[in-house]
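Presented below is the structure to which this report refers.
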Amino acid sequence: MDTSFSQRRVDVQIIKWIGIGVAAIAALALLAGQLGLLKGTPPGDLGVREGKLKKPSETANSVSSQALLWPGHPQREYADIAPLALRGDGPATLAKLKNVLQSLPDVTLVDSRADYLYVQFTTRVMKFVDDAEFWFDPASGMIQLRSSSRVGSRDFGVNRQRIEALRERLAAS
């Protein structure tokens, strides 16, 4: 028997089993997401304290318009994002933002006050949850914000892209 033919058969079998293993892992991950096992735990320390939202995550999976207020924070530069400009006064801007958020799929409004919004974004397939909060800061005359993934150490820029898309939609409303 030709050894090169035998080796090719072994190589094909190895590739086949690797493919089956990858497909099984993907199916298990999808099932875990659908069962809600990847949504994480809601943070218990959101909100405004002493004029600040919660500090950014210690890993590269959040953005915050107040990131620079945390000297020495390891993700200070990565997390830094501009606050939202007012469209009218603070409560009117948050009301417009609330309307924009409620028009989006996979958004759950958790807390809504005249000066504060807290929403959860859930990804469609894997059901990961990101927490976002928006606060009218009367001292700066801006809407301060924070958006963070609950699980994982990277968000691949998703929180930043989402906030920038919200910024555009708010400006257009």
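Note on naming: chains are A, B, ... as they come in the structure tokens, residues start from 1 per chain, ligands start from 1 in the order shown.
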| message | If we count only C-alpha atoms and set the cut-off at 12 Å, which residues sit around Ala132 in chain A, ignoring sequence neighbours fewer than 6 positions away in its own chain? Please answer as a VMD selection string. | response | chain A and resid 42 to 43 46 to 47 53 to 54 56 62 to 65 101 107 to 111 116 to 122 144 to 150 159 to 160 162 to 163 166
Worksheet item: Could you write out, as a PyMOL selection string, all the residues of range 19-152 of chain A that DSSP marks as helix (DSSP H, G or I)?
Response: chain A and resi 19-34+67-69+76-79+90-102
Report, in Å to a single decimal, how far apart CA of Gln66 in chain A and CA of Ile81 in chain A are.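 For CA of Ile81 in chain A relative to CA of Gln66 in chain A, the distance reads 7.9 Å.
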I'd like to know which of A:Asp137, A:Asp45, A:Ala95, A:Arg113 is closest to Leu170 in chain A, using only C-alpha atoms.
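Among the listed residues, the smallest separation from Leu170 in chain A belongs to A:Ala95.
The interatomic distance for the pair CA of Ser153 in chain A and CA of Pro71 in chain A works out to 20.6 Å.
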Inset, instruction - Compile the contact shell of Ala85 in chain A as a ChimeraX atom specification: residues with an atom at most 9 Å away, counting only C-alpha atoms, same-chain residues fewer than 3 positions apart removed. - result: /A:82,93,141-143,167,171
Would you save the residues of that selection, restricted to all heavy atoms, as a PDB file, in the first residue's frame?
```pdb
ATOM      1  N   ALA A  82     -16.668  60.370  24.566  1.00  0.00           N
ATOM      2  CA  ALA A  82     -17.294  61.666  24.823  1.00  0.00           C
ATOM      3  C   ALA A  82     -18.698  61.484  25.395  1.00  0.00           C
ATOM      4  O   ALA A  82     -19.417  60.551  25.027  1.00  0.00           O
ATOM      5  CB  ALA A  82     -17.365  62.473  23.533  1.00  0.00           C
ATOM      6  N   THR A  93     -33.470  65.689  26.886  1.00  0.00           N
ATOM      7  CA  THR A  93     -32.520  64.858  26.145  1.00  0.00           C
ATOM      8  C   THR A  93     -32.643  63.394  26.552  1.00  0.00           C
ATOM      9  O   THR A  93     -32.647  62.497  25.699  1.00  0.00           O
ATOM     10  CB  THR A  93     -31.077  65.351  26.381  1.00  0.00           C
ATOM     11  OG1 THR A  93     -30.990  66.724  25.990  1.00  0.00           O
ATOM     12  CG2 THR A  93     -30.077  64.530  25.587  1.00  0.00           C
ATOM     13  N   GLY A 141     -23.404  69.957  32.163  1.00  0.00           N
ATOM     14  CA  GLY A 141     -24.406  70.218  31.135  1.00  0.00           C
ATOM     15  C   GLY A 141     -24.355  69.185  30.020  1.00  0.00           C
ATOM     16  O   GLY A 141     -24.653  69.490  28.862  1.00  0.00           O
ATOM     17  N   MET A 142     -24.004  67.970  30.359  1.00  0.00           N
ATOM     18  CA  MET A 142     -23.880  66.872  29.389  1.00  0.00           C
ATOM     19  C   MET A 142     -24.560  65.625  29.942  1.00  0.00           C
ATOM     20  O   MET A 142     -24.850  65.541  31.130  1.00  0.00           O
ATOM     21  CB  MET A 142     -22.404  66.546  29.129  1.00  0.00           C
ATOM     22  CG  MET A 142     -21.562  67.705  28.666  1.00  0.00           C
ATOM     23  SD  MET A 142     -21.992  68.257  27.028  1.00  0.00           S
ATOM     24  CE  MET A 142     -20.876  67.315  26.057  1.00  0.00           C
ATOM     25  N   ILE A 143     -24.755  64.645  29.050  1.00  0.00           N
ATOM     26  CA  ILE A 143     -25.239  63.333  29.468  1.00  0.00           C
ATOM     27  C   ILE A 143     -24.016  62.437  29.613  1.00  0.00           C
ATOM     28  O   ILE A 143     -23.376  62.062  28.623  1.00  0.00           O
ATOM     29  CB  ILE A 143     -26.236  62.729  28.444  1.00  0.00           C
ATOM     30  CG1 ILE A 143     -27.418  63.661  28.201  1.00  0.00           C
ATOM     31  CG2 ILE A 143     -26.669  61.333  28.901  1.00  0.00           C
ATOM     32  CD1 ILE A 143     -28.317  63.894  29.391  1.00  0.00           C
ATOM     33  N   ARG A 167     -25.519  58.019  19.579  1.00  0.00           N
ATOM     34  CA  ARG A 167     -25.223  59.442  19.456  1.00  0.00           C
ATOM     35  C   ARG A 167     -25.780  59.975  18.125  1.00  0.00           C
ATOM     36  O   ARG A 167     -26.408  61.028  18.071  1.00  0.00           O
ATOM     37  CB  ARG A 167     -23.707  59.662  19.537  1.00  0.00           C
ATOM     38  CG  ARG A 167     -23.281  61.119  19.565  1.00  0.00           C
ATOM     39  CD  ARG A 167     -21.756  61.274  19.497  1.00  0.00           C
ATOM     40  NE  ARG A 167     -20.992  60.410  20.358  1.00  0.00           N
ATOM     41  CZ  ARG A 167     -20.739  60.639  21.651  1.00  0.00           C
ATOM     42  NH1 ARG A 167     -21.235  61.715  22.229  1.00  0.00           N
ATOM     43  NH2 ARG A 167     -20.009  59.798  22.359  1.00  0.00           N
ATOM     44  N   ALA A 171     -28.924  62.587  17.634  1.00  0.00           N
ATOM     45  CA  ALA A 171     -28.758  63.837  16.890  1.00  0.00           C
ATOM     46  C   ALA A 171     -29.788  63.957  15.776  1.00  0.00           C
ATOM     47  O   ALA A 171     -30.239  65.065  15.456  1.00  0.00           O
ATOM     48  CB  ALA A 171     -27.338  63.908  16.317  1.00  0.00           C
TER      49      ALA A 171
END
```
If DSSP is run on the backbone, what residues of range 26-115 of chain A are strand (DSSP E)? A reply as a PDB file with N, CA and C atoms, in the first residue's frame would be ideal.
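Okay, this is what ended up in selection.pdb:
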```
ATOM      1  N   SER A  62     -15.496  47.993  28.244  1.00  0.00           N
ATOM      2  CA  SER A  62     -16.443  49.043  28.622  1.00  0.00           C
ATOM      3  C   SER A  62     -15.990  50.387  28.071  1.00  0.00           C
ATOM      4  N   VAL A  63     -16.951  51.315  28.046  1.00  0.00           N
ATOM      5  CA  VAL A  63     -16.662  52.709  27.722  1.00  0.00           C
ATOM      6  C   VAL A  63     -17.329  53.570  28.777  1.00  0.00           C
ATOM      7  N   SER A  64     -16.731  54.743  29.026  1.00  0.00           N
ATOM      8  CA  SER A  64     -17.275  55.661  30.019  1.00  0.00           C
ATOM      9  C   SER A  64     -16.863  57.083  29.668  1.00  0.00           C
ATOM     10  N   VAL A 107     -33.401  45.634  23.626  1.00  0.00           N
ATOM     11  CA  VAL A 107     -33.085  46.598  24.677  1.00  0.00           C
ATOM     12  C   VAL A 107     -34.148  46.474  25.763  1.00  0.00           C
ATOM     13  N   THR A 108     -33.702  46.365  27.003  1.00  0.00           N
ATOM     14  CA  THR A 108     -34.612  46.317  28.145  1.00  0.00           C
ATOM     15  C   THR A 108     -34.365  47.549  29.002  1.00  0.00           C
ATOM     16  N   LEU A 109     -35.405  48.331  29.196  1.00  0.00           N
ATOM     17  CA  LEU A 109     -35.322  49.503  30.059  1.00  0.00           C
ATOM     18  C   LEU A 109     -35.493  49.032  31.503  1.00  0.00           C
ATOM     19  N   VAL A 110     -34.486  49.267  32.329  1.00  0.00           N
ATOM     20  CA  VAL A 110     -34.490  48.802  33.714  1.00  0.00           C
ATOM     21  C   VAL A 110     -34.869  49.921  34.679  1.00  0.00           C
ATOM     22  N   ASP A 111     -34.334  51.118  34.448  1.00  0.00           N
ATOM     23  CA  ASP A 111     -34.591  52.246  35.345  1.00  0.00           C
ATOM     24  C   ASP A 111     -34.684  53.516  34.505  1.00  0.00           C
ATOM     25  N   SER A 112     -35.716  54.296  34.744  1.00  0.00           N
ATOM     26  CA  SER A 112     -35.926  55.538  34.006  1.00  0.00           C
ATOM     27  C   SER A 112     -36.386  56.618  34.965  1.00  0.00           C
ATOM     28  N   ARG A 113     -35.547  57.645  35.107  1.00  0.00           N
ATOM     29  CA  ARG A 113     -35.883  58.807  35.928  1.00  0.00           C
ATOM     30  C   ARG A 113     -35.630  60.052  35.080  1.00  0.00           C
TER      31      ARG A 113
END
```
Can you measure CA of Gly88 in chain A to CA of Glu133 in chain A for me? One decimal in Å is fine.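 Going from CA of Gly88 in chain A over to CA of Glu133 in chain A covers 19.3 Å.
Comparing A:Leu68, A:Lys96, A:Ser103, A:Gly51 by their smallest distance to Ala139 in chain A, the closest is A:Gly51 (using only C-alpha atoms).
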Counting only C-alpha atoms, closest pick from A:Ala165, A:Ile14, A:Val100, A:Ala79 relative to Lys55 in chain A is A:Ala79
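Among the candidates A:Arg8, A:Arg169, A:Met126, A:Asp115, the one nearest to Leu28 in chain A when counting only C-alpha atoms is A:Met126.
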* Given only C-alpha atoms as the counted atoms, nearest of A:Arg9, A:Arg87, A:Lys39, A:Lys16 to Ala172 in chain A ->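 Counting only C-alpha atoms, the residue closest to Ala172 in chain A is A:Arg87.
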